[in-house]
$ cat final-v6.cif   # mmCIF, C-alpha atoms
data_protein
#
loop_
_atom_site.label_atom_id
_atom_site.label_comp_id
_atom_site.auth_asym_id
_atom_site.auth_seq_id
_atom_site.Cartn_x
_atom_site.Cartn_y
_atom_site.Cartn_z
CA ALA N 28 17.67 2.90 30.90
CA GLY N 29 19.60 3.64 27.71
CA ALA N 30 18.73 0.32 26.11
CA GLY N 31 16.46 0.31 23.07
CA ARG N 32 12.85 -0.73 23.45
CA SER N 33 11.98 -4.33 22.74
CA LEU N 34 10.28 -5.32 19.50
CA CYS N 35 7.21 -6.50 21.44
CA GLY N 36 6.87 -3.19 23.30
CA GLU N 37 5.62 -2.43 26.78
CA ALA N 38 2.19 -2.54 28.37
CA VAL N 39 1.58 1.12 27.53
CA ASP N 40 2.11 0.33 23.83
CA LYS N 41 -0.79 -2.13 23.91
CA VAL N 42 -3.06 0.50 25.44
CA ASP N 43 -1.93 3.06 22.84
CA MET N 44 -2.55 0.58 20.02
CA PHE N 45 -6.24 0.13 20.85
CA SER N 46 -6.68 3.79 21.80
CA GLN N 47 -5.39 4.95 18.42
CA ARG N 48 -7.57 2.45 16.54
CA TYR N 49 -10.60 3.79 18.39
CA ALA N 50 -9.64 7.45 17.90
CA LEU N 51 -9.21 7.05 14.13
CA ILE N 52 -12.69 5.57 13.74
CA GLN N 53 -14.26 8.02 16.20
CA GLN N 54 -13.00 11.05 14.25
CA ARG N 55 -14.31 9.45 11.06
CA ILE N 56 -17.75 8.92 12.63
CA LEU N 57 -18.00 12.41 14.07
CA ARG N 58 -17.49 13.88 10.59
CA GLN N 59 -20.68 12.18 9.38
CA ASP N 60 -23.75 14.41 9.13
CA ILE N 61 -25.87 11.96 11.11
CA PHE N 62 -23.69 12.49 14.18
CA GLN N 63 -23.20 16.25 13.86
CA PRO N 64 -25.57 18.29 16.05
CA LYS N 65 -27.73 20.80 14.20
CA LEU N 66 -27.95 24.41 15.32
CA VAL N 67 -31.44 25.12 16.72
CA THR N 68 -32.39 28.80 16.68
CA ALA N 69 -35.20 30.55 18.49
CA GLY N 70 -38.54 29.85 16.93
CA THR N 71 -37.30 26.67 15.22
CA PRO N 72 -39.29 23.63 16.36
CA SER N 73 -37.18 20.80 17.78
CA GLN N 74 -37.48 17.66 15.66
CA GLY N 75 -35.90 15.17 18.04
CA ASN N 76 -34.62 12.08 16.32
CA GLY N 77 -36.77 12.98 13.33
CA GLY N 78 -34.23 15.69 12.56
CA GLY N 79 -31.92 13.02 11.22
CA THR N 80 -29.08 13.32 13.74
CA HIS N 81 -28.01 11.24 16.73
CA ALA N 82 -25.70 11.89 19.64
CA LEU N 83 -23.08 9.33 20.66
CA THR N 84 -23.29 8.52 24.35
CA PRO N 85 -20.04 7.74 26.23
CA ALA N 86 -20.16 4.42 28.10
CA GLU N 87 -19.66 6.12 31.48
CA SER N 88 -22.78 8.25 30.89
CA LEU N 89 -25.12 5.25 30.68
CA LEU N 90 -25.34 4.97 34.46
CA GLY N 91 -28.74 6.19 35.62
CA ARG N 92 -30.00 6.93 32.11
CA SER N 93 -32.98 5.18 30.56
CA GLY N 94 -34.04 4.89 26.95
CA VAL N 95 -32.31 3.95 23.72
CA ARG N 96 -28.78 5.28 23.24
CA TYR N 97 -26.17 5.21 20.49
CA LEU N 98 -22.61 4.24 21.34
CA LEU N 99 -19.32 3.69 19.54
CA GLY N 100 -17.06 1.18 21.20
CA MET N 101 -14.71 -1.77 20.91
CA ILE N 102 -15.98 -5.24 21.80
CA VAL N 103 -13.65 -6.72 24.43
CA GLN N 104 -13.69 -9.95 26.42
CA VAL N 105 -12.94 -9.03 30.03
CA GLU N 106 -13.51 -12.54 31.33
CA GLU N 107 -14.09 -15.75 29.47
CA GLY N 108 -17.35 -15.72 27.54
CA LYS N 109 -18.38 -12.25 28.82
CA TYR N 110 -18.15 -9.38 26.36
CA TYR N 111 -18.13 -5.66 27.06
CA LEU N 112 -18.35 -2.52 24.96
CA GLU N 113 -15.40 -0.27 25.74
CA ASP N 114 -14.65 3.32 24.78
CA HIS N 115 -12.20 5.87 26.17
CA THR N 116 -14.41 6.46 29.24
CA ALA N 117 -15.57 3.06 30.56
CA GLN N 118 -16.71 -0.51 29.87
CA VAL N 119 -20.28 -1.79 29.90
CA PRO N 120 -21.42 -5.47 29.78
CA LEU N 121 -23.19 -6.48 26.55
CA ASN N 122 -26.23 -8.65 25.95
CA PHE N 123 -26.46 -9.75 22.30
CA SER N 124 -29.55 -11.98 22.65
CA GLN N 125 -31.85 -9.60 20.72
CA ALA N 126 -29.22 -7.96 18.53
CA SER N 127 -29.78 -7.37 14.82
CA LEU N 128 -26.89 -6.70 12.44
CA LEU N 129 -27.59 -3.83 10.06
CA THR N 130 -24.42 -4.11 7.97
CA ASP N 131 -22.37 -6.84 6.28
CA GLY N 132 -19.18 -8.10 7.85
CA PHE N 133 -17.98 -10.24 10.74
CA VAL N 134 -18.33 -9.10 14.36
CA THR N 135 -15.29 -10.27 16.32
CA GLU N 136 -13.57 -9.44 19.57
CA ASN N 137 -11.65 -6.15 19.12
CA SER N 138 -14.10 -4.95 16.45
CA ILE N 139 -15.22 -1.34 16.83
CA MET N 140 -18.98 -1.11 16.32
CA LEU N 141 -21.82 1.38 16.31
CA VAL N 142 -24.39 0.10 18.79
CA GLU N 143 -28.01 1.06 19.42
CA GLY N 144 -29.27 -0.26 22.73
CA GLU N 145 -30.67 0.34 26.18
CA ALA N 146 -28.94 0.04 29.55
CA ILE N 147 -30.91 -1.98 32.08
CA ASP N 148 -29.44 -2.81 35.49
CA GLY N 149 -25.92 -2.00 34.31
CA VAL N 150 -26.10 -4.17 31.17
CA LEU N 151 -26.35 -2.77 27.63
CA TYR N 152 -29.04 -4.72 25.77
CA VAL N 153 -28.18 -4.38 22.09
CA HIS N 154 -31.07 -3.73 19.67
CA ASN N 155 -29.08 -2.99 16.52
CA MET N 156 -25.41 -3.07 15.64
CA GLY N 157 -23.42 -2.04 12.60
CA SER N 158 -19.94 -1.40 11.29
CA PRO N 159 -18.56 2.16 11.45
CA ILE N 160 -19.55 4.44 8.57
CA VAL N 161 -16.69 4.60 6.07
CA GLU N 162 -15.05 7.33 4.00
CA ASN N 163 -13.61 6.60 0.59
CA ARG N 164 -9.99 7.52 -0.08
CA SER N 165 -10.65 10.94 -1.61
CA GLU N 166 -12.98 11.95 1.26
CA ALA N 167 -10.43 10.86 3.87
CA ILE N 168 -7.56 12.72 2.19
CA LYS N 169 -9.72 15.84 1.94
CA ALA N 170 -10.51 15.57 5.66
CA ILE N 171 -7.02 14.93 7.05
CA GLY N 172 -4.79 16.46 4.37
CA LEU N 173 -2.57 15.01 1.68
CA GLN N 174 0.65 14.99 3.69
CA ASN N 175 -0.98 13.26 6.67
CA SER N 176 -2.25 10.50 4.40
CA ASP N 177 0.96 9.81 2.46
CA ILE N 178 2.57 6.89 4.26
CA PHE N 179 5.56 7.03 1.88
CA ASN N 180 6.28 10.74 2.57
CA SER N 181 6.91 11.04 -1.16
CA ILE N 182 4.38 13.72 -2.16
CA GLY N 183 5.26 17.02 -0.59
CA SER N 184 2.50 19.23 -1.98
CA LEU N 185 -0.69 19.31 -4.01
CA SER N 186 1.26 20.51 -7.05
CA GLU N 187 3.51 17.44 -6.86
CA PHE N 188 0.42 15.26 -6.61
CA GLU N 189 -1.08 16.89 -9.70
CA LYS N 190 2.19 16.43 -11.59
CA LEU N 191 2.16 12.72 -10.68
CA SER N 192 -1.47 12.50 -11.81
CA ASP N 193 -0.52 13.91 -15.22
CA GLN N 194 2.30 11.37 -15.56
CA GLU N 195 -0.12 8.66 -14.47
CA VAL N 196 -2.54 9.53 -17.27
CA GLU N 197 0.29 9.64 -19.81
CA HIS N 198 2.32 6.56 -18.84
CA GLY N 199 0.27 4.61 -16.26
CA ARG N 200 -1.41 2.21 -18.66
CA GLU N 201 1.93 0.47 -19.22
CA GLY N 202 2.02 -0.73 -15.61
CA MET N 203 0.86 -4.21 -14.64
CA PHE N 204 1.09 -6.42 -11.55
CA VAL N 205 0.99 -10.21 -11.84
CA VAL N 206 0.06 -11.57 -8.41
CA LEU N 207 0.32 -15.17 -7.20
CA SER N 208 -0.44 -16.48 -3.71
CA ASP N 209 0.51 -19.77 -2.00
CA VAL N 210 3.41 -20.37 -4.37
CA HIS N 211 4.55 -23.78 -3.13
CA LEU N 212 8.07 -24.08 -4.49
CA ASP N 213 8.41 -27.65 -3.18
CA SER N 214 5.89 -28.73 -5.86
CA PRO N 215 7.41 -29.55 -9.30
CA SER N 216 4.09 -28.74 -10.99
CA VAL N 217 4.10 -25.23 -9.44
CA LEU N 218 7.59 -24.56 -10.83
CA GLU N 219 6.51 -25.89 -14.21
CA LYS N 220 3.49 -23.54 -14.32
CA ILE N 221 5.60 -20.56 -13.20
CA GLU N 222 7.96 -21.28 -16.10
CA ARG N 223 5.04 -21.31 -18.55
CA MET N 224 3.71 -18.07 -17.08
CA LEU N 225 7.11 -16.32 -17.33
CA GLU N 226 7.47 -17.53 -20.91
CA GLY N 227 4.18 -15.83 -21.75
CA TYR N 228 5.27 -12.51 -20.26
CA SER N 229 8.93 -12.59 -21.32
CA ASP N 230 8.32 -10.50 -24.45
CA PHE N 231 6.28 -7.79 -22.72
CA THR N 232 7.65 -4.24 -22.76
CA PRO N 233 7.78 -3.10 -20.07
CA LEU N 234 7.72 -6.31 -18.07
CA PRO N 235 5.04 -6.66 -15.39
CA ILE N 236 5.88 -6.54 -11.69
CA PHE N 237 5.62 -10.09 -10.35
CA VAL N 238 4.34 -10.39 -6.78
CA PHE N 239 4.71 -13.83 -5.20
CA MET N 240 3.01 -14.36 -1.84
CA GLY N 241 3.67 -17.29 0.51
CA ASP N 242 3.49 -19.81 1.87
CA PHE N 243 6.46 -20.83 -0.27
CA ALA N 244 6.21 -24.49 0.76
CA SER N 245 3.28 -26.83 1.29
CA ARG N 246 4.54 -27.70 4.78
CA PRO N 247 7.32 -26.44 7.09
CA GLN N 248 10.78 -27.32 5.75
CA GLY N 249 14.34 -27.33 7.04
CA ALA N 250 16.78 -24.53 6.25
CA LYS N 251 18.68 -26.45 3.57
CA GLU N 252 15.47 -27.50 1.81
CA THR N 253 14.09 -23.94 1.87
CA MET N 254 17.30 -22.55 0.36
CA GLY N 255 17.10 -25.23 -2.33
CA TYR N 256 13.53 -24.31 -3.27
CA PHE N 257 14.40 -20.63 -3.79
CA ASP N 258 17.42 -21.72 -5.80
CA ASP N 259 15.10 -23.86 -7.96
CA LEU N 260 12.92 -20.79 -8.57
CA ALA N 261 15.99 -18.76 -9.51
CA GLY N 262 16.84 -21.46 -12.07
CA VAL N 263 13.39 -21.15 -13.62
CA ILE N 264 13.57 -17.35 -13.80
CA CYS N 265 17.07 -17.44 -15.32
CA LYS N 266 15.76 -19.44 -18.27
CA PHE N 267 14.50 -16.05 -19.46
CA PRO N 268 17.53 -13.70 -19.29
CA ASN N 269 15.45 -10.61 -19.99
CA VAL N 270 13.12 -11.42 -17.09
CA ALA N 271 16.03 -12.22 -14.74
CA ASN N 272 17.82 -8.96 -15.55
CA GLU N 273 14.94 -6.53 -15.98
CA GLY N 274 11.93 -8.07 -14.22
CA ARG N 275 10.85 -6.88 -10.78
CA PHE N 276 9.98 -9.67 -8.33
CA VAL N 277 8.43 -8.96 -4.92
CA PHE N 278 8.16 -11.77 -2.36
CA VAL N 279 5.68 -11.39 0.51
CA PRO N 280 6.02 -14.01 3.28
CA GLY N 281 3.13 -16.22 4.35
CA PRO N 282 2.19 -17.33 7.88
CA ASN N 283 4.24 -20.56 7.74
CA ASP N 284 7.36 -19.28 5.98
CA PRO N 285 10.67 -19.26 7.88
CA GLY N 286 11.18 -16.40 10.31
CA ILE N 287 9.95 -15.18 13.67
CA ALA N 288 6.59 -16.69 14.60
CA SER N 289 3.40 -15.54 12.85
CA ILE N 290 3.22 -12.11 14.48
CA LEU N 291 2.12 -9.16 12.37
CA PRO N 292 3.55 -7.12 10.76
CA ARG N 293 5.93 -9.81 9.56
CA GLY N 294 9.46 -9.06 8.39
CA PRO N 295 10.95 -10.27 5.09
CA ILE N 296 12.24 -13.82 4.66
CA LEU N 297 15.84 -13.79 5.89
CA ASN N 298 18.71 -13.30 3.43
CA TYR N 299 20.13 -16.61 4.61
CA PHE N 300 17.39 -18.49 2.72
CA THR N 301 17.29 -16.30 -0.37
CA SER N 302 20.88 -15.23 -1.09
CA SER N 303 21.17 -17.51 -4.14
CA LEU N 304 18.03 -16.10 -5.77
CA ARG N 305 19.09 -12.51 -4.96
CA SER N 306 22.45 -13.04 -6.66
CA LYS N 307 20.84 -14.37 -9.85
CA VAL N 308 17.71 -12.20 -10.13
CA LYS N 309 18.76 -8.56 -10.24
CA HIS N 310 15.57 -6.93 -8.98
CA ALA N 311 14.32 -9.42 -6.37
CA ILE N 312 12.77 -7.66 -3.37
CA PHE N 313 11.88 -9.62 -0.25
CA ALA N 314 9.22 -7.50 1.42
CA SER N 315 7.33 -7.45 4.70
CA ASN N 316 3.78 -8.68 5.24
CA PRO N 317 1.81 -6.49 4.73
CA CYS N 318 3.63 -4.77 1.89
CA ARG N 319 2.69 -1.37 0.47
CA MET N 320 3.60 -0.03 -2.95
CA ARG N 321 3.02 3.27 -4.71
CA PHE N 322 2.30 3.39 -8.43
CA PHE N 323 2.25 7.07 -9.41
CA THR N 324 -0.57 8.36 -7.15
CA LYS N 325 -2.02 4.92 -6.44
CA GLU N 326 -1.38 3.06 -3.18
CA ILE N 327 -1.57 -0.74 -3.28
CA VAL N 328 -1.50 -2.99 -0.19
CA PHE N 329 -0.50 -6.66 -0.47
CA PHE N 330 -1.38 -8.86 2.50
CA ARG N 331 -1.06 -12.62 2.95
CA ASP N 332 -3.32 -14.08 5.64
CA ASP N 333 -6.11 -16.60 6.08
CA LEU N 334 -8.67 -13.88 6.74
CA VAL N 335 -11.89 -15.74 5.98
CA GLY N 336 -10.96 -18.78 8.09
CA LYS N 337 -9.87 -16.70 11.08
CA MET N 338 -12.94 -14.48 11.00
CA ARG N 339 -15.33 -17.40 10.69
CA ARG N 340 -13.74 -19.08 13.70
CA HIS N 341 -13.88 -15.99 15.88
CA CYS N 342 -17.11 -14.23 14.87
CA LEU N 343 -19.49 -13.54 17.76
CA LEU N 344 -22.66 -13.19 15.66
CA GLU N 345 -23.69 -14.84 12.42
CA PRO N 346 -23.00 -12.50 9.48
CA ARG N 347 -26.00 -10.81 7.96
CA GLU N 348 -27.78 -12.63 5.14
CA GLU N 349 -28.96 -10.93 1.95
CA GLU N 350 -32.48 -9.55 1.92
CA ASP N 351 -35.07 -12.14 0.90
CA GLY N 352 -36.36 -10.10 -2.02
CA ASP N 353 -33.04 -9.88 -3.83
CA GLU N 354 -32.67 -13.38 -5.27
CA TYR N 355 -29.92 -12.37 -7.69
CA ALA N 356 -27.83 -10.92 -4.87
CA LYS N 357 -28.32 -14.09 -2.82
CA ILE N 358 -27.05 -16.24 -5.69
CA ALA N 359 -24.16 -13.91 -6.52
CA SER N 360 -22.97 -13.73 -2.93
CA SER N 361 -23.64 -17.32 -1.91
CA GLY N 362 -21.16 -19.61 -0.18
CA GLN N 363 -17.51 -18.75 -0.23
CA ARG N 364 -17.96 -15.54 -2.18
CA ARG N 365 -20.35 -14.21 0.45
CA LEU N 366 -17.85 -15.02 3.22
CA SER N 367 -15.05 -13.33 1.27
CA ARG N 368 -17.19 -10.23 0.90
CA HIS N 369 -17.87 -10.17 4.64
CA ALA N 370 -14.14 -10.53 5.42
CA ILE N 371 -13.00 -7.80 3.03
CA LYS N 372 -15.73 -5.43 4.20
CA THR N 373 -14.74 -6.08 7.82
CA VAL N 374 -11.09 -5.07 7.40
CA LEU N 375 -12.00 -1.98 5.35
CA ASP N 376 -14.79 -0.86 7.69
CA GLN N 377 -12.47 -1.34 10.67
CA GLY N 378 -9.62 0.41 8.87
CA HIS N 379 -7.32 -2.40 9.95
CA LEU N 380 -5.99 -5.60 8.38
CA SER N 381 -6.42 -7.73 11.49
CA PRO N 382 -9.34 -6.65 13.72
CA LEU N 383 -9.23 -9.97 15.58
CA PRO N 384 -8.42 -11.23 19.09
CA LEU N 385 -4.67 -11.01 19.72
CA SER N 386 -4.73 -14.70 20.62
CA ALA N 387 -5.84 -15.48 17.06
CA SER N 388 -3.69 -12.90 15.28
CA PRO N 389 -0.77 -11.61 17.41
CA ILE N 390 0.52 -8.11 16.63
CA TYR N 391 3.64 -6.19 17.57
CA TRP N 392 1.97 -3.46 19.61
CA GLN N 393 4.44 -0.72 18.62
CA HIS N 394 3.97 -1.47 14.91
CA ASP N 395 0.18 -1.74 14.72
CA HIS N 396 0.15 1.33 12.45
CA ALA N 397 1.61 -0.86 9.66
CA LEU N 398 -1.73 -2.71 9.54
CA ARG N 399 -3.96 0.35 9.25
CA LEU N 400 -6.14 0.92 6.21
CA TYR N 401 -6.90 4.59 6.68
CA PRO N 402 -7.27 6.24 4.29
CA PHE N 403 -8.32 3.30 2.14
CA PRO N 404 -5.66 2.21 -0.35
CA ASP N 405 -6.58 2.29 -4.04
CA ALA N 406 -6.24 -1.52 -4.03
CA LEU N 407 -6.12 -4.16 -1.32
CA ILE N 408 -4.83 -7.50 -2.60
CA VAL N 409 -5.25 -10.25 0.01
CA GLY N 410 -3.76 -13.69 -0.57
CA ASP N 411 -6.33 -15.94 1.12
CA ARG N 412 -6.87 -19.69 0.85
CA VAL N 413 -10.30 -19.27 -0.75
CA ASP N 414 -11.59 -18.82 -4.28
CA GLN N 415 -10.63 -15.82 -6.41
CA TYR N 416 -12.60 -12.71 -5.57
CA TYR N 417 -12.96 -9.10 -6.71
CA GLU N 418 -15.16 -6.25 -5.60
CA ASN N 419 -14.86 -2.48 -5.69
CA TYR N 420 -15.86 -1.19 -2.26
CA GLU N 421 -16.00 2.58 -1.79
CA GLU N 422 -13.51 3.11 -4.66
CA CYS N 423 -11.08 0.51 -3.25
CA ASP N 424 -10.31 -2.55 -5.42
CA ALA N 425 -10.49 -5.58 -3.10
CA ILE N 426 -8.90 -8.63 -4.75
CA ASN N 427 -8.00 -12.20 -3.82
CA PRO N 428 -5.88 -13.96 -6.49
CA GLY N 429 -6.69 -17.40 -5.04
CA PRO N 430 -4.09 -20.07 -4.16
CA PHE N 431 -1.72 -20.74 -7.08
CA SER N 432 -0.86 -24.17 -5.70
CA ASN N 433 -4.48 -25.25 -6.07
CA GLY N 434 -5.60 -24.70 -9.66
CA PHE N 435 -2.72 -22.43 -10.80
CA ASN N 436 -4.85 -19.31 -10.52
CA PHE N 437 -3.44 -15.80 -10.41
CA VAL N 438 -4.56 -12.24 -11.03
CA VAL N 439 -3.34 -9.50 -13.37
CA TYR N 440 -3.94 -6.03 -11.92
CA ARG N 441 -3.56 -2.82 -13.91
CA PRO N 442 -3.92 0.22 -11.63
CA ILE N 443 -4.50 2.36 -14.74
CA GLY N 444 -6.48 0.11 -17.05
CA GLU N 445 -8.46 2.87 -18.74
CA VAL N 446 -8.26 6.66 -19.06
CA ARG N 447 -11.28 8.80 -19.89
CA ARG N 448 -11.26 12.60 -19.66
CA SER N 449 -8.22 12.49 -17.36
CA GLN N 450 -10.06 10.04 -15.08
CA THR N 451 -8.47 6.63 -14.53
CA LYS N 452 -10.06 3.25 -13.98
CA SER N 453 -8.32 0.05 -12.93
CA ASP N 454 -8.54 -3.33 -14.62
CA VAL N 455 -8.64 -6.75 -12.92
CA GLU N 456 -8.17 -9.95 -14.90
CA PHE N 457 -8.34 -13.40 -13.33
CA SER N 458 -6.09 -15.93 -15.09
CA GLN N 459 -5.24 -19.61 -14.91
CA ILE N 460 -2.46 -21.71 -16.39
CA GLU N 461 -3.87 -24.87 -17.91
#
$ encode --input "final-v6.cif" --output "structure tokens"
Amino acid sequence: AGAGRSLCGEAVDKVDMFSQRYALIQQRILRQDIFQPKLVTAGTPSQGNGGGTHALTPAESLLGRSGVRYLLGMIVQVEEGKYYLEDHTAQVPLNFSQASLLTDGFVTENSIMLVEGEAIDGVLYVHNMGSPIVENRSEAIKAIGLQNSDIFNSIGSLSEFEKLSDQEVEHGREGMFVVLSDVHLDSPSVLEKIERMLEGYSDFTPLPIFVFMGDFASRPQGAKETMGYFDDLAGVICKFPNVANEGRFVFVPGPNDPGIASILPRGPILNYFTSSLRSKVKHAIFASNPCRMRFFTKEIVFFRDDLVGKMRRHCLLEPREEEDGDEYAKIASSGQRRLSRHAIKTVLDQGHLSPLPLSASPIYWQHDHALRLYPFPDALIVGDRVDQYYENYEECDAINPGPFSNGFNFVVYRPIGEVRRSQTKSDVEFSQIE
């Protein structure tokens, strides 16, 4: 009885995980004007739905009710091929055959969706479906309070936050993150390009923060080979003594790097493999995946996962296409870029980095909070195996640096790229080593 709980948790932890995900989105939805009931006074004509508000119906209340209803629930697969909408009261079978998607993004098992539909013979026939309404970071912090939103517990009061903001305006423009993903250290050409990149930044004052995301090898390797590859990287870094002594390097593991199986959140690469590099590079930090950093008042999340591929394989409905009349938007968001936009919008709308079936993306139930994106971070940098991508979505910079091993692409991110009238704006620069 006195033994510590297992890393994987107990059955109740799995229930709590999904319950908390639902509760966070539900409270966000109920703050929206469209779902807040209006006070009707005597003599005021009732406007029905024309009044601009809707009531959310609990799943258990559908029994015996006719007509179109609005529900908020998680899509779950109770038995193979049969999907249900589940909230904190009940489950109801879903029929998607006539469903229209009103928002961008992927619909997958374990997604929480707003659904408009009608219950007929115990089945909810979906008319329209959309992602939960979002709040930007400032709105969320205003709603839940600064201290409840500070995952680092580093800002104790509003006055401290304002002091940090002043320092941010004064000194923040010096800060820069150089981010690489899929840094295959078993490739001589990758090491050669890293050397050229470090040479270019070696004279910067201050030096940028270098973030290297896995996988750190093109295929699974043995322990001795893995240690050798990190030692090779240390040799490259040490060619620039200033960078080795003063530069900050953060290493975020990929899905196939050594360690416990690909369960999220993933711990750092073990010291056993990296001790040589740690001894030679003074400020080498081997972080978890995901990894969160604070830069003055800004919160930045780094995450390495094959998001687009996983979501495409497990989506239940085809993502929404652009409207026919907007030809420019169709061209701009065609192909891979359109899929990237859907994937990024999905994780931000869901407030979670992995809103996927647990069979496709296993999670430590007790540590699901490490994957939450509520409030939104100021920047979400996802290392995905697709082309480089940037979009600002509800004041959150969503960035994919692209795979470094394929084309030697990387991204330079300045959280404070520009200051105007005490307001800051970030700067994103895509780069490539020829």
$ residues_around --input "final-v6.cif" --residues "region 311-318 of chain N" --least-positions-apart "4" --cutoff "8 Å" --atoms "only C-alpha atoms" --output "list in words"
Arg275, Phe276, Val277, Phe278, Val279, Pro280, Gly281, Leu291, Pro292, Arg293, Gly294, Pro295, Ile296, Leu304, Arg305, Val328, Phe329, Phe330, Arg331, Ala397 and Leu398 of chain N
$ residues_around --input "final-v6.cif" --residues "Ile61 (chain N)" --least-positions-apart "2" --cutoff "6 Å" --atoms "all atoms listed in the file" --output "ChimeraX atom specification"
/N:59,63,80
$ resolve_selection --input "final-v6.cif" --expression "the PyMOL selection byres ((chain N and resi 342-345) around 12)" --output "JSON, numbers by chain"
{"N": [102, 103, 104, 108, 109, 110, 121, 122, 123, 124, 125, 126, 127, 128, 129, 130, 131, 132, 133, 134, 135, 136, 137, 138, 156, 157, 334, 335, 336, 337, 338, 339, 340, 341, 346, 347, 348, 366, 369, 370, 373, 382, 383, 384, 387]}
$ resolve_selection --input "final-v6.cif" --expression "the PyMOL selection byres ((chain N and resi 245-262) around 12)" --output "PDB file with C-alpha atoms, keeping the file's coordinate frame"
ATOM      1  CA  ASP N 209       0.510 -19.770  -2.000  1.00  0.00           C
ATOM      2  CA  VAL N 210       3.410 -20.370  -4.370  1.00  0.00           C
ATOM      3  CA  HIS N 211       4.550 -23.780  -3.130  1.00  0.00           C
ATOM      4  CA  LEU N 212       8.070 -24.080  -4.490  1.00  0.00           C
ATOM      5  CA  ASP N 213       8.410 -27.650  -3.180  1.00  0.00           C
ATOM      6  CA  SER N 214       5.890 -28.730  -5.860  1.00  0.00           C
ATOM      7  CA  PRO N 215       7.410 -29.550  -9.300  1.00  0.00           C
ATOM      8  CA  VAL N 217       4.100 -25.230  -9.440  1.00  0.00           C
ATOM      9  CA  LEU N 218       7.590 -24.560 -10.830  1.00  0.00           C
ATOM     10  CA  GLU N 219       6.510 -25.890 -14.210  1.00  0.00           C
ATOM     11  CA  LYS N 220       3.490 -23.540 -14.320  1.00  0.00           C
ATOM     12  CA  ILE N 221       5.600 -20.560 -13.200  1.00  0.00           C
ATOM     13  CA  GLU N 222       7.960 -21.280 -16.100  1.00  0.00           C
ATOM     14  CA  LEU N 225       7.110 -16.320 -17.330  1.00  0.00           C
ATOM     15  CA  PHE N 239       4.710 -13.830  -5.200  1.00  0.00           C
ATOM     16  CA  GLY N 241       3.670 -17.290   0.510  1.00  0.00           C
ATOM     17  CA  ASP N 242       3.490 -19.810   1.870  1.00  0.00           C
ATOM     18  CA  PHE N 243       6.460 -20.830  -0.270  1.00  0.00           C
ATOM     19  CA  ALA N 244       6.210 -24.490   0.760  1.00  0.00           C
ATOM     20  CA  VAL N 263      13.390 -21.150 -13.620  1.00  0.00           C
ATOM     21  CA  ILE N 264      13.570 -17.350 -13.800  1.00  0.00           C
ATOM     22  CA  CYS N 265      17.070 -17.440 -15.320  1.00  0.00           C
ATOM     23  CA  LYS N 266      15.760 -19.440 -18.270  1.00  0.00           C
ATOM     24  CA  PHE N 267      14.500 -16.050 -19.460  1.00  0.00           C
ATOM     25  CA  PRO N 268      17.530 -13.700 -19.290  1.00  0.00           C
ATOM     26  CA  VAL N 270      13.120 -11.420 -17.090  1.00  0.00           C
ATOM     27  CA  ALA N 271      16.030 -12.220 -14.740  1.00  0.00           C
ATOM     28  CA  ASN N 272      17.820  -8.960 -15.550  1.00  0.00           C
ATOM     29  CA  PHE N 276       9.980  -9.670  -8.330  1.00  0.00           C
ATOM     30  CA  PHE N 278       8.160 -11.770  -2.360  1.00  0.00           C
ATOM     31  CA  GLY N 281       3.130 -16.220   4.350  1.00  0.00           C
ATOM     32  CA  PRO N 282       2.190 -17.330   7.880  1.00  0.00           C
ATOM     33  CA  ASN N 283       4.240 -20.560   7.740  1.00  0.00           C
ATOM     34  CA  ASP N 284       7.360 -19.280   5.980  1.00  0.00           C
ATOM     35  CA  PRO N 285      10.670 -19.260   7.880  1.00  0.00           C
ATOM     36  CA  GLY N 286      11.180 -16.400  10.310  1.00  0.00           C
ATOM     37  CA  ILE N 296      12.240 -13.820   4.660  1.00  0.00           C
ATOM     38  CA  LEU N 297      15.840 -13.790   5.890  1.00  0.00           C
ATOM     39  CA  ASN N 298      18.710 -13.300   3.430  1.00  0.00           C
ATOM     40  CA  TYR N 299      20.130 -16.610   4.610  1.00  0.00           C
ATOM     41  CA  PHE N 300      17.390 -18.490   2.720  1.00  0.00           C
ATOM     42  CA  THR N 301      17.290 -16.300  -0.370  1.00  0.00           C
ATOM     43  CA  SER N 302      20.880 -15.230  -1.090  1.00  0.00           C
ATOM     44  CA  SER N 303      21.170 -17.510  -4.140  1.00  0.00           C
ATOM     45  CA  LEU N 304      18.030 -16.100  -5.770  1.00  0.00           C
ATOM     46  CA  ARG N 305      19.090 -12.510  -4.960  1.00  0.00           C
ATOM     47  CA  SER N 306      22.450 -13.040  -6.660  1.00  0.00           C
ATOM     48  CA  LYS N 307      20.840 -14.370  -9.850  1.00  0.00           C
ATOM     49  CA  VAL N 308      17.710 -12.200 -10.130  1.00  0.00           C
ATOM     50  CA  LYS N 309      18.760  -8.560 -10.240  1.00  0.00           C
ATOM     51  CA  HIS N 310      15.570  -6.930  -8.980  1.00  0.00           C
ATOM     52  CA  ALA N 311      14.320  -9.420  -6.370  1.00  0.00           C
ATOM     53  CA  PHE N 313      11.880  -9.620  -0.250  1.00  0.00           C
ATOM     54  CA  PRO N 430      -4.090 -20.070  -4.160  1.00  0.00           C
ATOM     55  CA  PHE N 431      -1.720 -20.740  -7.080  1.00  0.00           C
ATOM     56  CA  SER N 432      -0.860 -24.170  -5.700  1.00  0.00           C
ATOM     57  CA  ASN N 433      -4.480 -25.250  -6.070  1.00  0.00           C
TER      58      ASN N 433
END
$ residues_around --input "final-v6.cif" --residues "Asp414 (chain N)" --least-positions-apart "6" --cutoff "9 Å" --atoms "all atoms listed in the file" --output "list in words"
Gln363, Arg364, Ser367, Asn427, Pro428, Gly429 and Pro430 of chain N
